[in-house]
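Below is one structure, written out as structure tokens; the observations come after it.
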Amino acid sequence: MRQHGLPGISARNTAMMEAITDLPPIVVSDLFGIHPQTAYAWAQYAQSSWAEYLEAAPDTEGPPAGARGPG
């Protein structure tokens, strides 16, 4: 990849993030040579559900900053 001017580590990480959304963590672990627990943690970070984030986000009163009201 370096011969073609492509950054190796960022390309590898991008490929891993794409794979982790489609494949089980144990497969990604074997494919990329990382520890299964690391692959599982990456899978948790890449999950498609925002439910945990929204649950942990602080509630705010009123409209977001810069939002316009009716009228």
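Identifiers in this document derive from the order of the structure tokens: chains are assigned A, B, ..., residues are numbered from 1 separately in each chain, and ligands are numbered from 1 in order of occurrence.
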Name all residues at most 10 Å from Met17 in chain A (count only C-alpha atoms; drop same-chain ones fewer than 2 positions away) and give them as an mmCIF file with all heavy atoms, in the first residue's frame.
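Final file, out.cif:
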data_model
loop_
_atom_site.group_PDB
_atom_site.id
_atom_site.type_symbol
_atom_site.label_atom_id
_atom_site.label_comp_id
_atom_site.auth_asym_id
_atom_site.auth_seq_id
_atom_site.Cartn_x
_atom_site.Cartn_y
_atom_site.Cartn_z
ATOM 1 N N ALA A 11 -5.929 2.937 6.656
ATOM 2 C CA ALA A 11 -6.686 2.045 5.774
ATOM 3 C C ALA A 11 -7.072 0.767 6.514
ATOM 4 O O ALA A 11 -8.190 0.276 6.381
ATOM 5 C CB ALA A 11 -5.875 1.723 4.531
ATOM 6 N N ARG A 12 -6.148 0.255 7.332
ATOM 7 C CA ARG A 12 -6.435 -0.958 8.102
ATOM 8 C C ARG A 12 -7.549 -0.702 9.105
ATOM 9 O O ARG A 12 -8.464 -1.495 9.253
ATOM 10 C CB ARG A 12 -5.170 -1.407 8.838
ATOM 11 C CG ARG A 12 -5.368 -2.614 9.724
ATOM 12 C CD ARG A 12 -4.072 -2.928 10.493
ATOM 13 N NE ARG A 12 -4.228 -4.050 11.366
ATOM 14 C CZ ARG A 12 -4.637 -3.968 12.626
ATOM 15 N NH1 ARG A 12 -4.940 -2.798 13.150
ATOM 16 N NH2 ARG A 12 -4.741 -5.053 13.372
ATOM 17 N N ASN A 13 -7.481 0.434 9.798
ATOM 18 C CA ASN A 13 -8.518 0.762 10.780
ATOM 19 C C ASN A 13 -9.873 0.964 10.121
ATOM 20 O O ASN A 13 -10.903 0.553 10.660
ATOM 21 C CB ASN A 13 -8.113 1.992 11.585
ATOM 22 C CG ASN A 13 -6.971 1.707 12.527
ATOM 23 O OD1 ASN A 13 -6.650 0.562 12.799
ATOM 24 N ND2 ASN A 13 -6.339 2.762 13.015
ATOM 25 N N THR A 14 -9.890 1.601 8.965
ATOM 26 C CA THR A 14 -11.143 1.789 8.240
ATOM 27 C C THR A 14 -11.722 0.448 7.827
ATOM 28 O O THR A 14 -12.926 0.196 7.978
ATOM 29 C CB THR A 14 -10.932 2.686 7.004
ATOM 30 O OG1 THR A 14 -10.438 3.949 7.446
ATOM 31 C CG2 THR A 14 -12.220 2.879 6.234
ATOM 32 N N ALA A 15 -10.865 -0.428 7.312
ATOM 33 C CA ALA A 15 -11.328 -1.761 6.921
ATOM 34 C C ALA A 15 -11.856 -2.528 8.128
ATOM 35 O O ALA A 15 -12.870 -3.224 8.033
ATOM 36 C CB ALA A 15 -10.192 -2.530 6.257
ATOM 37 N N ALA A 19 -15.621 -3.964 8.659
ATOM 38 C CA ALA A 19 -15.821 -5.392 8.900
ATOM 39 C C ALA A 19 -16.577 -5.640 10.198
ATOM 40 O O ALA A 19 -17.431 -6.526 10.263
ATOM 41 C CB ALA A 19 -14.470 -6.110 8.926
ATOM 42 N N ILE A 20 -16.275 -4.851 11.220
ATOM 43 C CA ILE A 20 -16.881 -5.094 12.530
ATOM 44 C C ILE A 20 -18.381 -4.827 12.516
ATOM 45 O O ILE A 20 -19.115 -5.375 13.326
ATOM 46 C CB ILE A 20 -16.159 -4.273 13.630
ATOM 47 C CG1 ILE A 20 -16.366 -4.892 15.013
ATOM 48 C CG2 ILE A 20 -16.635 -2.850 13.667
ATOM 49 C CD1 ILE A 20 -15.574 -6.116 15.264
ATOM 50 N N THR A 21 -18.853 -4.022 11.577
ATOM 51 C CA THR A 21 -20.295 -3.774 11.501
ATOM 52 C C THR A 21 -21.023 -4.908 10.794
ATOM 53 O O THR A 21 -22.236 -5.040 10.951
ATOM 54 C CB THR A 21 -20.597 -2.445 10.774
ATOM 55 O OG1 THR A 21 -20.067 -2.502 9.456
ATOM 56 C CG2 THR A 21 -20.018 -1.266 11.523
ATOM 57 N N ASP A 22 -20.294 -5.732 10.023
ATOM 58 C CA ASP A 22 -20.924 -6.803 9.254
ATOM 59 C C ASP A 22 -20.612 -8.205 9.753
ATOM 60 O O ASP A 22 -21.370 -9.133 9.479
ATOM 61 C CB ASP A 22 -20.487 -6.723 7.785
ATOM 62 C CG ASP A 22 -20.959 -5.454 7.114
ATOM 63 O OD1 ASP A 22 -22.015 -4.929 7.506
ATOM 64 O OD2 ASP A 22 -20.262 -4.976 6.205
ATOM 65 N N VAL A 28 -13.618 -11.133 13.028
ATOM 66 C CA VAL A 28 -12.753 -9.964 12.869
ATOM 67 C C VAL A 28 -11.444 -10.186 13.628
ATOM 68 O O VAL A 28 -10.370 -9.819 13.147
ATOM 69 C CB VAL A 28 -13.463 -8.683 13.345
ATOM 70 C CG1 VAL A 28 -12.529 -7.492 13.337
ATOM 71 C CG2 VAL A 28 -14.682 -8.412 12.475
ATOM 72 N N ALA A 39 -11.723 -7.046 19.672
ATOM 73 C CA ALA A 39 -12.713 -7.064 18.589
ATOM 74 C C ALA A 39 -14.116 -6.849 19.144
ATOM 75 O O ALA A 39 -14.927 -6.127 18.562
ATOM 76 C CB ALA A 39 -12.632 -8.377 17.822
ATOM 77 N N TRP A 42 -14.510 -3.160 19.993
ATOM 78 C CA TRP A 42 -14.723 -2.383 18.775
ATOM 79 C C TRP A 42 -16.150 -2.549 18.288
ATOM 80 O O TRP A 42 -16.769 -1.600 17.809
ATOM 81 C CB TRP A 42 -13.731 -2.808 17.697
ATOM 82 C CG TRP A 42 -12.388 -2.180 17.813
ATOM 83 C CD1 TRP A 42 -11.519 -2.286 18.857
ATOM 84 C CD2 TRP A 42 -11.756 -1.341 16.852
ATOM 85 N NE1 TRP A 42 -10.389 -1.574 18.591
ATOM 86 C CE2 TRP A 42 -10.502 -0.998 17.375
ATOM 87 C CE3 TRP A 42 -12.124 -0.879 15.591
ATOM 88 C CZ2 TRP A 42 -9.618 -0.177 16.675
ATOM 89 C CZ3 TRP A 42 -11.230 -0.070 14.909
ATOM 90 C CH2 TRP A 42 -10.004 0.276 15.444
ATOM 91 N N ALA A 43 -16.681 -3.765 18.391
ATOM 92 C CA ALA A 43 -18.061 -4.015 17.959
ATOM 93 C C ALA A 43 -19.038 -3.196 18.794
ATOM 94 O O ALA A 43 -20.031 -2.681 18.281
ATOM 95 C CB ALA A 43 -18.394 -5.501 18.052
ATOM 96 N N TYR A 45 -18.366 -0.286 20.193
ATOM 97 C CA TYR A 45 -18.233 1.107 19.753
ATOM 98 C C TYR A 45 -18.935 1.347 18.415
ATOM 99 O O TYR A 45 -19.443 2.434 18.163
ATOM 100 C CB TYR A 45 -16.766 1.507 19.620
ATOM 101 C CG TYR A 45 -16.028 1.568 20.927
ATOM 102 C CD1 TYR A 45 -14.794 0.957 21.065
ATOM 103 C CD2 TYR A 45 -16.550 2.243 22.028
ATOM 104 C CE1 TYR A 45 -14.102 1.006 22.262
ATOM 105 C CE2 TYR A 45 -15.873 2.292 23.219
ATOM 106 C CZ TYR A 45 -14.650 1.678 23.334
ATOM 107 O OH TYR A 45 -13.973 1.734 24.523
ATOM 108 N N ALA A 46 -18.952 0.343 17.572
ATOM 109 C CA ALA A 46 -19.499 0.494 16.226
ATOM 110 C C ALA A 46 -20.967 0.116 16.135
ATOM 111 O O ALA A 46 -21.528 0.106 15.048
ATOM 112 C CB ALA A 46 -18.702 -0.368 15.242
#
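In this model, the gap between CA of Pro36 in chain A and CA of Pro24 in chain A comes to 10.2 Å.
Those residues that approach His35 in chain A to within 10 Å, counting only C-alpha atoms, are Pro25, Ile26, Val28, Ser29, Asp30 and Tyr40 of chain A; same-chain residues fewer than 5 positions away are not listed.
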Next, dump the selected residues to file, keeping only C-alpha atoms, as a compact mmCIF listing (two decimals), in the first residue's frame.
# COMPACT_ATOMS: atom_id res chain seq x y z
CA PRO A 25 -16.19 -10.07 16.54
CA ILE A 26 -14.51 -13.50 16.61
CA VAL A 28 -12.75 -9.96 12.87
CA SER A 29 -10.34 -11.13 15.57
CA ASP A 30 -9.03 -13.91 13.33
CA TYR A 40 -15.71 -7.27 20.92
